[in-house]
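Novice: File coords-v1.cif below, mmCIF, C-alpha atoms:
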data_entry
loop_
_atom_site.label_atom_id
_atom_site.label_comp_id
_atom_site.auth_asym_id
_atom_site.auth_seq_id
_atom_site.Cartn_x
_atom_site.Cartn_y
_atom_site.Cartn_z
CA MET A 1 -2.62 12.76 -34.68
CA TRP A 2 -3.35 9.35 -33.23
CA LEU A 3 -6.11 7.97 -31.08
CA VAL A 4 -4.97 5.31 -28.64
CA LYS A 5 -7.57 3.20 -26.84
CA ILE A 6 -6.02 1.60 -23.80
CA TYR A 7 -7.54 -1.25 -21.80
CA VAL A 8 -6.27 -2.09 -18.33
CA THR A 9 -7.67 -5.26 -16.80
CA LEU A 10 -6.95 -7.43 -13.79
CA LYS A 11 -4.76 -10.37 -14.66
CA LYS A 12 -6.54 -13.63 -15.40
CA GLY A 13 -7.01 -15.72 -12.29
CA LEU A 14 -7.15 -12.75 -9.92
CA LEU A 15 -10.47 -12.33 -8.16
CA ASP A 16 -12.26 -9.42 -9.81
CA ALA A 17 -14.61 -8.36 -7.01
CA GLN A 18 -16.28 -5.65 -9.09
CA GLY A 19 -16.77 -8.00 -12.04
CA THR A 20 -18.26 -10.67 -9.79
CA ALA A 21 -20.66 -8.21 -8.13
CA THR A 22 -21.76 -6.91 -11.53
CA GLN A 23 -22.19 -10.44 -12.85
CA ASN A 24 -24.41 -11.31 -9.86
CA ALA A 25 -26.51 -8.21 -10.50
CA LEU A 26 -26.89 -9.05 -14.19
CA GLU A 27 -27.83 -12.62 -13.40
CA SER A 28 -30.44 -11.47 -10.90
CA LEU A 29 -31.93 -9.39 -13.74
CA GLY A 30 -32.35 -12.54 -15.77
CA PHE A 31 -29.19 -12.50 -17.89
CA GLU A 32 -28.45 -16.09 -17.01
CA GLU A 33 -26.37 -16.77 -20.11
CA ILE A 34 -23.44 -14.84 -18.67
CA GLU A 35 -20.26 -16.88 -18.21
CA GLU A 36 -18.02 -14.22 -16.73
CA VAL A 37 -17.79 -10.46 -16.17
CA ARG A 38 -14.40 -8.80 -15.84
CA MET A 39 -14.12 -5.08 -15.12
CA GLY A 40 -11.28 -2.85 -16.16
CA LYS A 41 -10.33 0.65 -17.17
CA TYR A 42 -10.60 2.24 -20.58
CA ILE A 43 -8.24 5.12 -21.25
CA ASN A 44 -8.50 7.28 -24.35
CA ILE A 45 -5.39 9.17 -25.40
CA LYS A 46 -4.98 11.58 -28.29
CA MET A 47 -1.32 12.02 -29.12
CA LYS A 48 1.24 13.12 -31.63
CA GLY A 49 3.69 10.69 -33.22
CA GLN A 50 5.66 10.47 -36.45
CA ASN A 51 4.61 6.91 -37.21
CA ARG A 52 2.76 3.94 -35.73
CA GLN A 53 5.94 2.29 -34.47
CA MET A 54 6.88 5.35 -32.44
CA VAL A 55 3.38 5.63 -31.02
CA ILE A 56 3.52 1.96 -29.98
CA GLN A 57 6.85 2.52 -28.28
CA ARG A 58 5.58 5.52 -26.31
CA VAL A 59 2.32 3.83 -25.33
CA GLU A 60 4.21 0.76 -24.10
CA GLU A 61 6.30 3.07 -21.93
CA MET A 62 3.18 4.76 -20.54
CA GLY A 63 1.73 1.37 -19.68
CA LYS A 64 4.83 0.14 -17.92
CA LYS A 65 5.55 3.37 -16.05
CA LEU A 66 2.11 4.41 -14.92
CA LEU A 67 -1.08 3.17 -16.52
CA ALA A 68 -0.93 -0.45 -15.39
CA ASN A 69 0.57 -2.18 -12.37
CA PRO A 70 2.24 -5.30 -13.79
CA VAL A 71 1.84 -7.13 -10.46
CA ILE A 72 -1.93 -7.28 -10.85
CA GLU A 73 -2.89 -5.86 -14.25
CA ASP A 74 -2.66 -6.54 -17.97
CA PHE A 75 -2.41 -3.78 -20.50
CA ASP A 76 -3.66 -3.77 -24.08
CA TYR A 77 -4.38 -1.09 -26.67
CA GLU A 78 -5.61 -0.21 -30.15
CA ILE A 79 -4.22 2.60 -32.26
CA GLU A 80 -6.17 4.58 -34.86
CA VAL A 81 -5.21 7.46 -37.09
CA LEU A 82 -7.19 10.60 -36.18
CA LYS A 83 -8.13 12.65 -39.18
CA MET B 1 15.77 12.47 16.99
CA LYS B 2 13.58 13.96 14.29
CA PHE B 3 10.87 12.46 12.13
CA GLY B 4 9.14 13.61 8.97
CA VAL B 5 5.55 13.06 7.94
CA VAL B 6 5.04 13.46 4.20
CA GLN B 7 1.96 15.38 3.11
CA PHE B 8 0.64 14.60 -0.35
CA PRO B 9 -2.43 16.24 -1.82
CA GLY B 10 -5.14 14.00 -0.38
CA SER B 11 -3.26 12.72 2.67
CA THR B 12 -5.71 12.52 5.55
CA CYS B 13 -3.83 10.77 8.38
CA ASP B 14 -0.86 13.15 8.37
CA TYR B 15 -2.08 14.97 11.45
CA ASP B 16 -2.70 11.71 13.32
CA CYS B 17 0.91 10.64 12.62
CA PHE B 18 2.17 14.05 13.69
CA TYR B 19 0.06 13.88 16.88
CA ALA B 20 1.29 10.37 17.72
CA LEU B 21 4.90 11.51 17.49
CA ASN B 22 4.65 15.05 18.82
CA ASP B 23 1.91 14.90 21.44
CA VAL B 24 2.00 11.30 22.62
CA LEU B 25 5.66 10.37 22.31
CA LYS B 26 7.03 13.93 22.66
CA VAL B 27 9.58 13.60 19.88
CA GLU B 28 10.46 16.14 17.22
CA VAL B 29 8.49 15.87 14.02
CA GLU B 30 7.98 18.01 10.92
CA TYR B 31 5.63 17.91 7.99
CA ILE B 32 7.28 17.34 4.63
CA TRP B 33 5.42 18.78 1.66
CA HIS B 34 5.39 16.36 -1.26
CA LYS B 35 7.39 18.79 -3.40
CA GLN B 36 10.34 18.72 -1.01
CA THR B 37 13.28 16.71 -2.35
CA ASN B 38 15.76 16.82 0.53
CA LEU B 39 15.29 14.41 3.42
CA GLU B 40 18.56 15.08 5.24
CA GLY B 41 18.39 15.23 9.00
CA TYR B 42 15.42 12.92 9.50
CA ASP B 43 15.68 9.69 11.49
CA GLY B 44 12.53 8.26 9.99
CA ILE B 45 9.97 9.10 7.32
CA PHE B 46 6.25 8.41 7.55
CA LEU B 47 3.98 8.10 4.52
CA PRO B 48 0.54 8.57 6.09
CA GLY B 49 -2.85 7.25 5.09
CA GLY B 50 -5.33 9.05 2.91
CA PHE B 51 -6.61 9.20 -0.63
CA THR B 52 -3.74 10.83 -2.47
CA TYR B 53 -4.78 12.31 -5.80
CA GLY B 54 -8.28 11.02 -5.19
CA ASP B 55 -7.06 7.41 -5.68
CA TYR B 56 -7.28 8.17 -9.40
CA LEU B 57 -5.97 5.52 -11.80
CA ARG B 58 -4.91 3.18 -8.93
CA VAL B 59 -4.38 3.75 -5.24
CA GLY B 60 -0.95 5.32 -4.75
CA ALA B 61 -0.13 5.29 -8.46
CA ILE B 62 0.08 9.06 -8.91
CA ALA B 63 1.57 9.94 -5.51
CA ARG B 64 4.37 7.54 -6.33
CA PHE B 65 5.59 10.14 -8.84
CA SER B 66 5.43 13.12 -6.48
CA PRO B 67 8.81 14.89 -6.33
CA VAL B 68 9.44 13.72 -2.75
CA MET B 69 9.30 10.08 -3.78
CA SER B 70 12.68 9.96 -5.52
CA ALA B 71 14.14 11.31 -2.28
CA VAL B 72 12.20 8.69 -0.30
CA ILE B 73 13.57 5.96 -2.58
CA ASP B 74 17.14 7.23 -2.08
CA TYR B 75 16.53 7.53 1.66
CA ALA B 76 15.21 3.96 1.87
CA THR B 77 17.99 2.57 -0.32
CA ALA B 78 20.53 4.16 2.04
CA GLY B 79 18.92 2.26 4.92
CA GLY B 80 16.69 5.00 6.35
CA LEU B 81 13.49 4.02 8.14
CA VAL B 82 10.37 4.46 6.03
CA LEU B 83 6.94 3.48 7.36
CA GLY B 84 3.97 3.57 5.01
CA ILE B 85 0.57 3.29 6.63
CA CYS B 86 -2.52 2.41 4.59
CA ASN B 87 -2.30 4.69 1.53
CA GLY B 88 1.39 5.04 2.43
CA PHE B 89 1.72 1.25 2.05
CA GLN B 90 -0.01 1.44 -1.32
CA ILE B 91 2.41 4.16 -2.44
CA LEU B 92 5.42 2.07 -1.32
CA THR B 93 4.31 -0.93 -3.40
CA GLU B 94 3.66 1.32 -6.41
CA ALA B 95 7.15 2.80 -5.95
CA GLY B 96 8.66 -0.69 -5.93
CA LEU B 97 10.06 -0.29 -2.41
CA LEU B 98 7.86 -3.15 -1.23
CA PRO B 99 6.73 -6.23 -3.16
CA GLY B 100 3.13 -7.02 -4.08
CA ALA B 101 0.14 -4.74 -4.66
CA LEU B 102 -3.04 -3.66 -2.87
CA MET B 103 -6.31 -4.44 -4.61
CA ARG B 104 -9.94 -3.60 -3.91
CA ASN B 105 -11.29 -5.36 -0.80
CA ASN B 106 -12.89 -8.62 -1.88
CA SER B 107 -16.17 -7.50 -0.26
CA LEU B 108 -16.00 -4.20 -2.20
CA HIS B 109 -16.83 -2.47 1.10
CA PHE B 110 -14.79 0.24 2.74
CA ILE B 111 -14.00 -1.31 6.13
CA CYS B 112 -13.38 0.78 9.23
CA LYS B 113 -13.02 -1.25 12.43
CA TYR B 114 -10.58 -2.61 14.97
CA SER B 115 -8.59 -5.59 13.76
CA TYR B 116 -6.24 -8.02 15.47
CA LEU B 117 -2.76 -8.50 14.11
CA LYS B 118 -0.31 -11.23 14.85
CA VAL B 119 3.32 -10.09 14.97
CA GLU B 120 5.05 -12.56 12.68
CA ASN B 121 8.46 -10.94 12.82
CA ASN B 122 9.55 -9.06 15.95
CA GLN B 123 13.10 -8.51 14.69
CA THR B 124 12.33 -5.35 12.74
CA PRO B 125 12.83 -1.67 13.62
CA TYR B 126 9.03 -1.49 13.89
CA THR B 127 8.29 -4.52 16.08
CA ASN B 128 11.28 -5.04 18.35
CA SER B 129 9.21 -4.09 21.44
CA CYS B 130 6.73 -6.88 20.66
CA LYS B 131 6.91 -10.51 21.68
CA SER B 132 7.02 -13.00 18.86
CA GLY B 133 3.45 -13.92 18.00
CA GLN B 134 2.03 -11.08 20.10
CA VAL B 135 -1.49 -10.01 19.13
CA LEU B 136 -2.01 -6.26 18.60
CA LYS B 137 -5.38 -4.51 18.43
CA ILE B 138 -5.06 -1.87 15.72
CA PRO B 139 -7.80 -0.35 13.55
CA ILE B 140 -8.11 -0.63 9.79
CA ALA B 141 -9.86 1.88 7.52
CA HIS B 142 -9.55 1.09 3.85
CA GLY B 143 -11.29 0.13 0.63
CA ASP B 144 -8.17 -1.22 -1.08
CA GLY B 145 -6.33 -3.36 1.42
CA ASN B 146 -6.47 -6.69 -0.35
CA TYR B 147 -2.77 -7.53 -0.49
CA TYR B 148 -1.79 -9.57 -3.51
CA ILE B 149 1.44 -11.29 -4.39
CA ASP B 150 1.94 -14.34 -6.58
CA ASP B 151 2.91 -17.75 -5.16
CA HIS B 152 6.58 -17.29 -5.89
CA GLY B 153 6.58 -13.85 -4.27
CA LEU B 154 4.78 -15.23 -1.23
CA SER B 155 7.34 -17.98 -0.72
CA GLU B 156 10.10 -15.36 -1.00
CA LEU B 157 8.35 -13.23 1.64
CA ILE B 158 8.08 -16.22 3.97
CA LYS B 159 11.66 -17.33 3.35
CA ASN B 160 13.03 -13.84 4.06
CA ASN B 161 10.83 -13.18 7.10
CA GLN B 162 9.29 -10.17 5.36
CA ILE B 163 5.77 -10.79 6.61
CA VAL B 164 5.51 -8.60 9.69
CA PHE B 165 1.77 -8.63 10.50
CA ARG B 166 -1.07 -11.02 9.68
CA TYR B 167 -4.77 -10.55 10.43
CA CYS B 168 -5.84 -12.95 13.16
CA GLU B 169 -8.53 -13.65 15.71
CA LYS B 170 -8.36 -12.11 19.17
CA ASN B 171 -6.55 -15.23 20.39
CA GLY B 172 -3.96 -15.05 17.62
CA GLU B 173 -5.40 -17.78 15.44
CA ILE B 174 -5.06 -17.06 11.72
CA THR B 175 -8.44 -17.73 10.12
CA SER B 176 -10.22 -16.69 6.95
CA MET B 177 -12.89 -15.06 9.13
CA ALA B 178 -10.24 -12.75 10.56
CA ASN B 179 -9.18 -11.70 7.08
CA PRO B 180 -11.10 -8.45 6.44
CA ASN B 181 -10.24 -7.86 2.80
CA GLY B 182 -9.13 -11.04 1.04
CA ALA B 183 -5.41 -10.43 1.50
CA VAL B 184 -3.15 -13.30 0.44
CA TYR B 185 -2.02 -15.30 3.52
CA ASN B 186 -3.89 -12.80 5.78
CA ILE B 187 -1.05 -10.34 5.20
CA ALA B 188 -1.53 -6.95 6.89
CA GLY B 189 2.05 -5.67 6.72
CA VAL B 190 5.30 -6.51 4.97
CA CYS B 191 8.84 -5.15 5.06
CA ASN B 192 11.59 -5.13 2.47
CA LYS B 193 14.40 -7.69 2.66
CA GLU B 194 16.61 -5.33 4.60
CA GLY B 195 13.82 -4.57 7.09
CA ASN B 196 14.08 -0.77 7.05
CA VAL B 197 10.93 -0.19 4.97
CA LEU B 198 7.57 -1.32 6.36
CA GLY B 199 4.13 -1.05 4.84
CA MET B 200 0.98 -1.86 6.79
CA MET B 201 -2.72 -1.37 6.15
CA PRO B 202 -3.75 -0.97 9.83
CA HIS B 203 -3.31 2.41 11.51
CA PRO B 204 -1.04 2.33 14.59
CA GLU B 205 -1.19 6.15 14.79
CA ARG B 206 -4.93 5.92 15.53
CA CYS B 207 -4.50 3.83 18.67
CA MET B 208 -1.90 5.55 20.80
CA GLU B 209 -4.09 6.20 23.85
CA ASP B 210 -6.38 3.90 25.83
CA CYS B 211 -9.27 6.35 25.56
CA LEU B 212 -9.38 5.51 21.82
CA GLY B 213 -10.00 1.84 22.50
CA SER B 214 -6.41 0.64 22.27
CA SER B 215 -2.91 1.95 22.74
CA ASP B 216 -1.25 -0.92 20.91
CA GLY B 217 0.02 1.48 18.25
CA LYS B 218 2.62 2.46 20.83
CA TYR B 219 4.34 -0.91 20.41
CA ILE B 220 5.19 0.07 16.86
CA PHE B 221 6.16 3.67 17.53
CA ASN B 222 8.17 2.70 20.63
CA SER B 223 9.95 0.02 18.63
CA ILE B 224 11.10 2.70 16.20
CA LEU B 225 12.39 4.90 19.03
CA ASN B 226 14.02 1.88 20.66
CA PHE B 227 15.69 0.90 17.41
CA LEU B 228 17.11 4.39 16.91
CA LYS B 229 18.16 4.90 20.53
CA LYS B 230 19.97 1.60 20.78
CA LYS B 231 21.20 1.88 17.20
CA LEU B 232 20.14 -1.70 16.68
CA VAL B 233 21.65 -3.27 13.62
CA LEU B 234 19.51 -4.40 10.70
CA ARG B 235 19.90 -7.99 9.67
#
Could I get this structure in the form of structure tokens?
Specialist:
Amino acid sequence: MWLVKIYVTLKKGLLDAQGTATQNALESLGFEEIEEVRMGKYINIKMKGQNRQMVIQRVEEMGKKLLANPVIEDFDYEIEVLK
Amino acid sequence: MKFGVVQFPGSTCDYDCFYALNDVLKVEVEYIWHKQTNLEGYDGIFLPGGFTYGDYLRVGAIARFSPVMSAVIDYATAGGLVLGICNGFQILTEAGLLPGALMRNNSLHFICKYSYLKVENNQTPYTNSCKSGQVLKIPIAHGDGNYYIDDHGLSELIKNNQIVFRYCEKNGEITSMANPNGAVYNIAGVCNKEGNVLGMMPHPERCMEDCLGSSDGKYIFNSILNFLKKKLVLR
């Protein structure tokens, strides 16, 4: 069994309205050292797969088909073995 | 002449579309459940507004894989008229039938109000009853109407006359103040290259009678009827 941690974020350069609002709130609380806040989605998937390569292939497919919209979003992930 | 209004789980403007066609324009219309896969016999398909599948993951992302959508894609590819309103527009971009994507409003607010739209292209099945540059008063009601397309995509849209509506002032001037959601180039509605598929954030089905504050939605619905009656040819 594998644990896949998927991160979907708005592409660089696109206005991230949620990130900006959150950054403003943090700054108003005194966290003035903040340079930038970007918001995204974190998706946790437990899945079967014979080996890492096959898991990567399937996860890439999931990202392209559904989990991210390539027009506006980037897609990244980490894979761990679940014991 | 018969139209179909697709009902997805979470559609909320399906009845308004049905009412506009059936009660105001007195044309035949049927609901199409999202599991239906045969669209034969319809002269036009409406994807109504709403919050399909709770807007989970991304607006329109899950509805795009409803069984009816492969039929809608075939129907559109064959030249059939498909109009996506609000969430319907979002579904059409997710399905790849229209370019670009709809993001969260730049204000983060859900905005429900009348807006003014400039008709940029009156040579479509949806705008042929409008004058070029005509200003329509049509309401918006959305949280994710911020149309995005990259610079290359935008120049393609302009080159191919695919921008159908832009947010404007009452006098037709395109200003950033008139842009309710941060949409690139004040875009409120775009069509595909062929012109048979239109997506728009504003709701023409909500302004079909003067008692509602505007009946400008009729320009769009009457254009569709006009197009079908006269069998106008797509470019």
Novice: Pull out every residue of chain B sitting within 8 Å of chain A, counting only C-alpha atoms, and send them as a PDB file with C-alpha atoms, in the frame of the given file.
Specialist:
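Final output, iface10.pdb:
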ATOM      1  CA  LEU B  57      -5.970   5.520 -11.800  1.00  0.00           C
ATOM      2  CA  ALA B  61      -0.130   5.290  -8.460  1.00  0.00           C
ATOM      3  CA  ILE B  62       0.080   9.060  -8.910  1.00  0.00           C
ATOM      4  CA  GLU B  94       3.660   1.320  -6.410  1.00  0.00           C
ATOM      5  CA  GLY B 100       3.130  -7.020  -4.080  1.00  0.00           C
ATOM      6  CA  ALA B 101       0.140  -4.740  -4.660  1.00  0.00           C
ATOM      7  CA  ARG B 104      -9.940  -3.600  -3.910  1.00  0.00           C
ATOM      8  CA  ASN B 105     -11.290  -5.360  -0.800  1.00  0.00           C
ATOM      9  CA  ASN B 106     -12.890  -8.620  -1.880  1.00  0.00           C
ATOM     10  CA  SER B 107     -16.170  -7.500  -0.260  1.00  0.00           C
ATOM     11  CA  LEU B 108     -16.000  -4.200  -2.200  1.00  0.00           C
ATOM     12  CA  TYR B 148      -1.790  -9.570  -3.510  1.00  0.00           C
ATOM     13  CA  ILE B 149       1.440 -11.290  -4.390  1.00  0.00           C
TER      14      ILE B 149
END
Novice: Taking the file as shown, find all residues satisfying the PyMOL selection byres ((chain B and resi 114) around 7) and write them as a ChimeraX atom specification.
Specialist: /B:113,115-116,137-140
Novice: Give me the result of the PyMOL selection byres ((chain B and resi 103) around 6) on this file, residue by residue, as a PyMOL selection string.
Specialist: chain B and resi 102+104+144+146
Novice: If the box runs along x, y and z of the file and leaves 4 Å on each side of range 59-77 of chain A, what are its centre and edge lengths in Å, one decimal, as JSON?
Specialist:
{"center_x": 1.0, "center_y": -1.3, "center_z": -18.6, "size_x": 18.7, "size_y": 20.0, "size_z": 24.2}
Novice: If the PyMOL selection byres ((chain B and resi 85) around 8) were run on this exact file, what residues would it hold? Put them as a compact mmCIF listing (two decimals) with C-alpha atoms, in the frame of the given file.
Specialist:
# COMPACT_ATOMS: atom_id res chain seq x y z
CA PHE B 46 6.25 8.41 7.55
CA LEU B 47 3.98 8.10 4.52
CA PRO B 48 0.54 8.57 6.09
CA GLY B 49 -2.85 7.25 5.09
CA LEU B 83 6.94 3.48 7.36
CA GLY B 84 3.97 3.57 5.01
CA CYS B 86 -2.52 2.41 4.59
CA ASN B 87 -2.30 4.69 1.53
CA GLY B 88 1.39 5.04 2.43
CA PHE B 89 1.72 1.25 2.05
CA GLY B 199 4.13 -1.05 4.84
CA MET B 200 0.98 -1.86 6.79
CA MET B 201 -2.72 -1.37 6.15
CA PRO B 202 -3.75 -0.97 9.83
CA HIS B 203 -3.31 2.41 11.51
Novice: Work out how far apart CA of Phe8 in chain B and CA of Val27 in chain B are and give it in Å to one decimal.
Specialist: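 Pair CA of Phe8 in chain B / CA of Val27 in chain B returns 22.1 Å.
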Novice: Just give me the gap between CA of Gln23 in chain A and CA of Val8 in chain A in Å, one decimal is fine.
Specialist: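 Result for CA of Gln23 in chain A versus CA of Val8 in chain A: 18.8 Å, one decimal.
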Novice: Between CA of Ser215 in chain B and CA of Leu136 in chain B, measure the distance and give it in Å to one decimal.
Specialist: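 Here the two named atoms are 9.2 Å from each other.
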Novice: List every protein, DNA or RNA residue with an atom no more than 7 Å from (14.5, 13.3, 1.6) in the file's coordinates, counting only C-alpha atoms, and format the result as a CSV table (one decimal) with C-alpha atoms, in the frame of the given file.
Specialist:
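Heads up, here's the output in selection_20.csv:
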chain,number,residue,atom,x,y,z
B,37,THR,CA,13.3,16.7,-2.4
B,38,ASN,CA,15.8,16.8,0.5
B,39,LEU,CA,15.3,14.4,3.4
B,40,GLU,CA,18.6,15.1,5.2
B,68,VAL,CA,9.4,13.7,-2.8
B,71,ALA,CA,14.1,11.3,-2.3
B,72,VAL,CA,12.2,8.7,-0.3
B,75,TYR,CA,16.5,7.5,1.7
Novice: Please determine, counting only C-alpha atoms, which residue among B:Lys193, B:Gly44, B:Gly4, B:Gly50 has the shortest atom-to-atom distance to Val29 in chain B.
Specialist: B:Gly4
Novice: Find the spatial neighbours of Glu35 in chain A, counting all atoms listed in the file, within a cut-off of 12 Å - ignore same-chain residues fewer than 4 positions away - and output them as a PyMOL selection string.
Specialist: chain A and resi 19-20+23-24+26-27+31
Novice: Could those selected residues go to a file with C-alpha atoms, as a tab-separated table (two decimals), in the coordinates of the input?
Specialist:
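What ended up in selection.tsv:
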chain	number	residue	atom	x	y	z
A	19	GLY	CA	-16.77	-8.00	-12.04
A	20	THR	CA	-18.26	-10.67	-9.79
A	23	GLN	CA	-22.19	-10.44	-12.85
A	24	ASN	CA	-24.41	-11.31	-9.86
A	26	LEU	CA	-26.89	-9.05	-14.19
A	27	GLU	CA	-27.83	-12.62	-13.40
A	31	PHE	CA	-29.19	-12.50	-17.89
Novice: Could you check the closest approach to Lys170 in chain B for each of B:Leu154, B:Ala183, B:Cys191, B:Leu117 and tell me which residue wins, using only C-alpha atoms?
Specialist: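 Among B:Leu154, B:Ala183, B:Cys191, B:Leu117, it is B:Leu117 that comes nearest to Lys170 in chain B.
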Novice: Do you know which residues lie at most 12 Å from (-7.4, 6.2, -26.8), with coordinates as in the file and all atoms listed in the file counted, and could you write them as a PyMOL selection string?
Specialist: chain A and resi 1-8+41-47+55+59+76-82
Novice: Keeping only C-alpha atoms, write the selected residues as a tab-separated table (two decimals), in the frame of the given file.
Specialist:
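The file below, again.tsv, is the result:
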chain	number	residue	atom	x	y	z
A	1	MET	CA	-2.62	12.76	-34.68
A	2	TRP	CA	-3.35	9.35	-33.23
A	3	LEU	CA	-6.11	7.97	-31.08
A	4	VAL	CA	-4.97	5.31	-28.64
A	5	LYS	CA	-7.57	3.20	-26.84
A	6	ILE	CA	-6.02	1.60	-23.80
A	7	TYR	CA	-7.54	-1.25	-21.80
A	8	VAL	CA	-6.27	-2.09	-18.33
A	41	LYS	CA	-10.33	0.65	-17.17
A	42	TYR	CA	-10.60	2.24	-20.58
A	43	ILE	CA	-8.24	5.12	-21.25
A	44	ASN	CA	-8.50	7.28	-24.35
A	45	ILE	CA	-5.39	9.17	-25.40
A	46	LYS	CA	-4.98	11.58	-28.29
A	47	MET	CA	-1.32	12.02	-29.12
A	55	VAL	CA	3.38	5.63	-31.02
A	59	VAL	CA	2.32	3.83	-25.33
A	76	ASP	CA	-3.66	-3.77	-24.08
A	77	TYR	CA	-4.38	-1.09	-26.67
A	78	GLU	CA	-5.61	-0.21	-30.15
A	79	ILE	CA	-4.22	2.60	-32.26
A	80	GLU	CA	-6.17	4.58	-34.86
A	81	VAL	CA	-5.21	7.46	-37.09
A	82	LEU	CA	-7.19	10.60	-36.18
